[in-house]
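Peer 1: I have a structure here, written as structure tokens, and I will follow up with some questions on it.
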Amino acid sequence: MGVNHRAVKAAAAEPMPEFIVLDSNVFIGDYWLRSSSFVLLREYLKKTSATLVVPQIVLEEVINHHREALDKVKTEIREVRRTLSRLLRSARGPSSELAEIIKTNKDDPYDKFLENEFEKMGTQVPDYKDIPHKDIVARDLRRVRPFQQSGKGYRDALLWETVLRNCIKKDVATVFVTQNTADFCDAKNCLHEHLKADIQKIGADETDFTLFKDLVQFTDSMVVPLLKARKEFITLIDNNKVEGLGLAAVCDENMDTIIEAINNSPETMISDPGEFDPSVDVVDIPSEFKITSASEISADRLLITFEFRPSVSFLYFMNRSDYACLSDEETSGIQIVDRNWNESVMQVESTCEIDLKCRLTFDTSEHAVESFEVEDVESAET
């Protein structure tokens, strides 16, 4: 990992984590660990003394979630093929696609993949079998976080107790990456008072523990600042002088990722998205990009961050009566797609501009983009 020594010196007051604990949602969002965040994490683990920790309860949930998702896809294929066979005389049955999925999963089983990856990264997988069940029950009865008032939270309680027993120690920095802030944090998105009390009970300080909402936030905060800047690459990319790194082409190749990120932030398309249920139809990639950084991860690998503002066409639903009350100016930006979606609602289309922040990793020896992800989605400032 190319190191920015000035950044290291400036960050000296910040304790480097000894343990980096990942929750299941980190893996479920990136089953095959392909994102730039995992590229950065792997290099970080190679160059530091930090240890990756994936509790057994997390591993089991990830494998189970992957199996359920795959089973769902197989069910959907069967249903689609059955429907097609009723509609088309020459339609093939689902057997060929399903056979390919089953064979691929057998030849490359997901649990074996995780086992190999964890071994490469020196991962610790602490079990929960030694956690007394009475401790979990007592926590539940007292509704101590991560248990909710409803009693929900058994898995999260096992996860938290595993972290407490194996990672959190006095003067030892531990990082916990989870999107499940509702169960671990208070209304201000800070670690909940119940969990702070747990940390203090074992003699550690709450400053020994840091929670991040996702892997991007962790790497942006603790890994990227340590990388060596390669400003000359910004100029080269701007002038299309880097083979294999045309940003417009990269965005086209990763259009599914871009559309998914925008759909996951519907408020950037329209106010009150719950009422209108917007979904992306077309993303028009512009010719101009703002490259914000180019940093050296290793001798032949770079991290590139950039921003751009695409035009986004999106579909949504509107009551015909509401549309009739709009002025000519308001309806000028709305195209009717299906006036008779149902007896009272029609499907329409509008266009907006959205600001996207993305990052990718680039292999300079292979002239190839290794990973791509969208960091942030915001409504364009007018």
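Simple scheme: letters A, B, ... for chains in structure tokens order, numbers from 1 for residues in each chain, numbers from 1 for ligands in the order shown.
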Give me, as a PyMOL selection string, the residues of range 270-311 of chain A that a backbone DSSP run labels alpha helix (DSSP H).
Peer 2: chain A and resi 273-276
Peer 1: So that I have them on file, write out the residues from the current selection with C-alpha atoms, as a CSV table (one decimal), in the first residue's frame.
Peer 2:
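That gives us selection-v4.csv:
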```
chain,number,residue,atom,x,y,z
A,273,PRO,CA,-41.0,9.1,-2.8
A,274,GLY,CA,-43.3,6.8,-0.7
A,275,GLU,CA,-46.3,8.2,-2.4
A,276,PHE,CA,-45.0,8.3,-6.0
```
Peer 1: Which residues, written as a ChimeraX atom specification, have at least one atom at most 10 Å from Asp171 in chain A, with only C-alpha atoms counted and residues fewer than 4 positions away on the same chain left out?
Peer 2: /A:15,203-205,207-209
Peer 1: What's the separation between CA of Lys231 in chain A and CA of Arg309 in chain A, in Å to one decimal place?
Peer 2: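 For CA of Lys231 in chain A relative to CA of Arg309 in chain A, the distance reads 22.5 Å.
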